[in-house]
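Structure data follow from query-v8.cif (mmCIF, C-alpha atoms):
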data_query
#
loop_
_atom_site.label_atom_id
_atom_site.label_comp_id
_atom_site.auth_asym_id
_atom_site.auth_seq_id
_atom_site.Cartn_x
_atom_site.Cartn_y
_atom_site.Cartn_z
CA MET A 3 7.65 10.64 16.57
CA ASN A 4 10.60 8.39 17.31
CA SER A 5 13.42 7.62 14.87
CA ASN A 6 12.04 4.13 14.07
CA ASP A 7 8.69 5.65 13.07
CA GLN A 8 10.44 8.31 11.04
CA GLN A 9 12.52 5.72 9.17
CA LEU A 10 9.41 3.71 8.23
CA ILE A 11 7.58 6.81 7.08
CA THR A 12 10.50 8.37 5.19
CA THR A 13 11.27 5.11 3.42
CA THR A 14 7.61 4.68 2.49
CA GLN A 15 7.36 8.25 1.22
CA ASN A 16 10.48 7.72 -0.87
CA TRP A 17 8.98 4.53 -2.35
CA LEU A 18 5.74 6.33 -3.06
CA LYS A 19 7.54 9.14 -4.92
CA THR A 20 10.16 7.17 -6.82
CA VAL A 21 8.23 4.02 -7.69
CA VAL A 22 4.47 4.54 -7.44
CA ILE A 23 4.25 8.16 -8.58
CA GLU A 24 7.30 8.33 -10.87
CA HIS A 25 6.13 5.27 -12.80
CA ASN A 26 2.44 6.18 -12.56
CA ILE A 27 1.48 2.89 -10.95
CA CYS A 28 -1.36 4.71 -9.23
CA PRO A 29 -2.48 7.69 -11.33
CA PHE A 30 -4.21 9.18 -8.27
CA ALA A 31 -1.28 9.09 -5.81
CA LYS A 32 0.57 12.22 -6.95
CA ARG A 33 -2.33 14.57 -6.31
CA GLU A 34 -2.82 13.32 -2.75
CA PHE A 35 0.92 13.21 -2.04
CA ASP A 36 1.34 16.80 -3.26
CA ARG A 37 -1.69 17.92 -1.23
CA GLY A 38 -0.28 16.29 1.91
CA SER A 39 -3.54 14.36 2.37
CA ILE A 40 -1.90 10.96 2.91
CA HIS A 41 -1.46 9.90 6.52
CA PHE A 42 1.47 7.58 7.21
CA GLU A 43 1.02 5.47 10.34
CA ALA A 44 4.00 3.48 11.60
CA ASN A 45 3.04 0.38 13.56
CA HIS A 46 5.63 -1.69 15.44
CA ASP A 47 3.25 -4.25 16.94
CA THR A 48 3.67 -7.90 16.12
CA ASP A 49 0.48 -9.07 17.82
CA VAL A 50 -2.28 -9.56 15.23
CA GLU A 51 -5.03 -8.32 17.55
CA LYS A 52 -3.13 -5.10 18.28
CA CYS A 53 -2.54 -4.60 14.57
CA LEU A 54 -6.25 -5.04 13.89
CA LEU A 55 -7.12 -2.59 16.69
CA ASN A 56 -4.72 -0.09 15.17
CA LEU A 57 -6.45 -0.48 11.81
CA LEU A 58 -9.77 0.39 13.44
CA LEU A 59 -8.15 3.43 15.06
CA GLU A 60 -7.07 4.54 11.59
CA CYS A 61 -10.67 4.17 10.41
CA ASP A 62 -11.67 6.38 13.33
CA ARG A 63 -9.02 8.91 12.29
CA LEU A 64 -10.47 9.02 8.76
CA ASN A 65 -13.95 9.38 10.24
CA ILE A 66 -13.02 12.52 12.16
CA GLU A 67 -10.32 14.07 9.93
CA PRO A 68 -11.80 14.84 6.50
CA ASP A 69 -8.54 16.43 5.30
CA ILE A 70 -6.89 13.00 5.35
CA GLU A 71 -7.79 11.33 2.09
CA THR A 72 -6.05 8.03 2.63
CA THR A 73 -3.86 6.21 5.15
CA LEU A 74 -0.90 3.89 4.75
CA VAL A 75 -0.46 1.69 7.82
CA ILE A 76 3.15 0.52 7.78
CA TYR A 77 4.02 -2.64 9.72
CA GLY A 78 7.68 -2.38 10.65
CA ASN A 79 7.98 -5.62 12.62
CA ALA A 80 5.04 -7.82 11.68
CA PHE A 81 4.06 -10.00 8.74
CA VAL A 82 7.54 -10.55 7.31
CA SER A 83 6.25 -13.75 5.71
CA PHE A 84 3.97 -13.02 2.77
CA ASP A 85 1.71 -15.92 3.78
CA ASP A 86 1.34 -14.47 7.29
CA TYR A 87 0.56 -11.12 5.71
CA LEU A 88 -2.15 -12.65 3.52
CA ASP A 89 -3.70 -14.25 6.61
CA PHE A 90 -3.68 -10.86 8.32
CA LEU A 91 -5.16 -9.17 5.25
CA GLU A 92 -8.06 -11.61 5.30
CA LEU A 93 -8.68 -10.86 8.99
CA ALA A 94 -8.49 -7.12 8.33
CA GLU A 95 -11.00 -7.30 5.49
CA THR A 96 -13.36 -9.36 7.65
CA LEU A 97 -13.00 -6.87 10.50
CA LEU A 98 -13.93 -3.95 8.25
CA LEU A 99 -17.04 -5.84 7.14
CA GLU A 100 -17.98 -6.63 10.75
CA GLN A 101 -17.54 -2.97 11.71
CA ASP A 102 -19.89 -1.86 8.91
CA TYR A 103 -17.13 -0.20 6.89
CA GLU A 104 -18.10 -1.98 3.66
CA GLY A 105 -18.70 0.75 1.10
CA VAL A 106 -16.94 3.28 3.35
CA TYR A 107 -13.33 2.12 3.30
CA GLN A 108 -11.40 -0.23 1.08
CA LEU A 109 -8.07 -1.95 1.70
CA ALA A 110 -5.25 -2.21 -0.80
CA SER A 111 -2.37 -4.50 0.08
CA PHE A 112 1.39 -4.08 -0.27
CA HIS A 113 4.27 -6.29 0.82
CA PRO A 114 7.99 -6.57 -0.02
CA HIS A 115 7.44 -10.10 -1.37
CA TYR A 116 4.06 -9.55 -2.99
CA CYS A 117 3.23 -12.19 -5.55
CA PHE A 118 -0.07 -12.37 -7.38
CA GLU A 119 -1.84 -15.71 -7.35
CA GLU A 120 -0.50 -17.99 -10.09
CA ALA A 121 2.30 -15.52 -10.93
CA LEU A 122 5.97 -16.38 -10.84
CA GLN A 123 7.86 -14.74 -7.97
CA ASN A 124 10.20 -12.98 -10.43
CA ASP A 125 7.43 -11.53 -12.62
CA PRO A 126 7.96 -7.74 -12.68
CA ALA A 127 4.16 -7.31 -12.55
CA ASN A 128 4.29 -8.23 -8.85
CA CYS A 129 6.08 -4.93 -8.24
CA THR A 130 2.79 -3.05 -8.58
CA ASN A 131 2.13 -4.23 -5.02
CA ARG A 132 5.66 -4.52 -3.66
CA SER A 133 6.58 -2.03 -0.99
CA PRO A 134 9.38 -1.44 1.49
CA TYR A 135 7.40 -2.92 4.36
CA PRO A 136 4.18 -4.84 4.79
CA MET A 137 1.39 -2.28 4.73
CA LEU A 138 -2.30 -1.75 4.33
CA HIS A 139 -3.63 1.15 2.33
CA LEU A 140 -6.92 2.40 3.71
CA LEU A 141 -8.89 4.29 1.06
CA ARG A 142 -12.18 6.16 1.14
CA GLU A 143 -14.64 4.39 -1.18
CA ASN A 144 -16.44 7.61 -2.17
CA SER A 145 -13.11 9.18 -3.18
CA ILE A 146 -12.26 6.18 -5.32
CA GLU A 147 -15.62 6.43 -7.06
CA GLN A 148 -15.14 10.17 -7.71
CA ALA A 149 -11.61 9.69 -9.06
CA LEU A 150 -12.71 6.91 -11.39
CA ILE A 151 -15.53 9.00 -12.86
CA ASN A 152 -13.01 11.50 -14.21
CA TYR A 153 -10.39 8.99 -15.32
CA PRO A 154 -10.66 7.59 -18.85
CA HIS A 155 -10.81 3.79 -18.89
CA PRO A 156 -9.82 3.02 -15.29
CA GLU A 157 -10.31 -0.67 -16.02
CA ASN A 158 -7.11 -0.50 -18.08
CA ILE A 159 -4.89 0.61 -15.17
CA PRO A 160 -3.85 -2.91 -14.05
CA GLN A 161 -2.95 -4.05 -17.58
CA LYS A 162 -1.08 -0.79 -18.25
CA ASN A 163 0.92 -1.32 -15.06
CA ILE A 164 1.74 -4.92 -15.89
CA LYS A 165 2.92 -3.94 -19.38
CA SER A 166 4.93 -0.97 -18.10
CA LEU A 167 6.65 -2.91 -15.32
CA ARG A 168 7.46 -5.86 -17.54
CA GLU A 169 9.03 -3.43 -20.02
CA LEU A 170 11.12 -1.92 -17.22
CA GLY A 171 12.22 -5.41 -16.25
CA LEU A 172 12.89 -7.05 -12.92
CA SER A 173 16.49 -5.90 -12.68
CA LYS A 174 15.58 -2.21 -13.10
CA LEU A 175 12.67 -2.55 -10.69
CA GLN A 176 14.84 -4.24 -8.08
CA SER A 177 17.31 -1.40 -8.45
CA LEU A 178 14.57 1.21 -7.99
CA LEU A 179 13.12 -0.60 -5.01
CA ALA A 180 16.51 -1.20 -3.41
CA ALA A 181 17.24 2.52 -3.59
CA CYS A 182 14.05 3.21 -1.65
CA TYR A 183 14.37 0.87 1.27
CA PRO A 184 16.67 -1.52 3.09
CA LEU A 185 14.79 -4.78 2.45
CA LYS A 186 16.24 -7.00 -0.24
CA MET A 187 13.78 -8.35 -2.78
CA ASP A 188 13.86 -12.07 -3.43
CA ASN A 189 13.71 -13.48 -6.94
#
As structure tokens:
Amino acid sequence: MNSNDQQLITTTQNWLKTVVIEHNICPFAKREFDRGSIHFEANHDTDVEKCLLNLLLECDRLNIEPDIETTLVIYGNAFVSFDDYLDFLELAETLLLEQDYEGVYQLASFHPHYCFEEALQNDPANCTNRSPYPMLHLLRENSIEQALINYPHPENIPQKNIKSLRELGLSKLQSLLAACYPLKMDN
């Protein structure tokens, strides 16, 4: 692994620990992080087709490596613009459907400038999906279903996160995020 890959992965792991796990944004992340069952894949491509091919290779990895529960594909050089990222996300979701991965794998999306539809850019709730780099989170559908069975009221997770992050406030969140990675968050 080269130093560029290591920086992307280390920064992402730091974000996962200090933002996602520490603030319980995803109540399932800590278990997998502690188990070492999260694969971090650094991708430096900027070509959309190569990025899509890499995503399929990560599906293949999950197909043959049952000890990997989930994969974070980290795009170090591509999709700096949130709009470009959303276009890529749409292509990625379509590709998974075309490859018969519906019901097998699910994508979650993260970006440094993530903004939910109809939300203000400076709404702290956007930080539930803000990350150091553009990335796709590839999850096993059957694992999601199993985790949700044993979690009381999973439908409340998004609202709990919104409330919690708004209570923390944008300034505190920006400080937390800035400590994790080199990208500056825009207001």
Rank nothing, just name the residue among A:Asn79, A:Asn124, A:Asn144, A:Thr73 nearest to A:Ala31, using all atoms listed in the file.
-> A:Thr73
How far is it from atom CA of A:Lys162 to atom CA of A:Asp125, in Å with one decimal?
-> 14.8 Å
Hits of the PyMOL selection byres ((chain A and resi 143) around 9) in this structure, as a PyMOL selection string | chain A and resi 104-108+141-142+144-148
What does the PyMOL selection byres ((chain A and resi 173-184) around 6) select in this file, as a list in words?
-> Thr13, Asn16, Trp17, Pro134, Gly171, Leu172 and Leu185 of chain A
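Atom CA of A:Arg33 sits 18.1 Å away from atom CA of A:Glu67.
What separates atom CA of A:Leu57 from atom CA of A:Phe35 is a distance of 20.8 Å.
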Residues of stretch 118-150 of chain A that have any atom at most 10 Å from an atom of stretch 42-51 of chain A: could you tabulate them with the shortest-distance atom pair and the distance in Å to one decimal, using all atoms listed in the file, ordered by chain and increasing number, as JSON lines?
{"residue": "A:Met137", "atom": "CA", "partner": "A:Ala44", "partner_atom": "CA", "distance": 9.3}
{"residue": "A:Leu138", "atom": "CA", "partner": "A:Glu43", "partner_atom": "CA", "distance": 10.0}
{"residue": "A:His139", "atom": "CA", "partner": "A:Phe42", "partner_atom": "CA", "distance": 9.5}
Selection above as a file: C-alpha atoms, as a PDB file, in the frame of the given file:
ATOM      1  CA  MET A 137       1.390  -2.280   4.730  1.00  0.00           C
ATOM      2  CA  LEU A 138      -2.300  -1.750   4.330  1.00  0.00           C
ATOM      3  CA  HIS A 139      -3.630   1.150   2.330  1.00  0.00           C
TER       4      HIS A 139
END
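Using all atoms listed in the file, the nearest neighbour of A:Ile23 within the list A:Ser111, A:Gln101, A:Asn163, A:Gln9 is A:Asn163.
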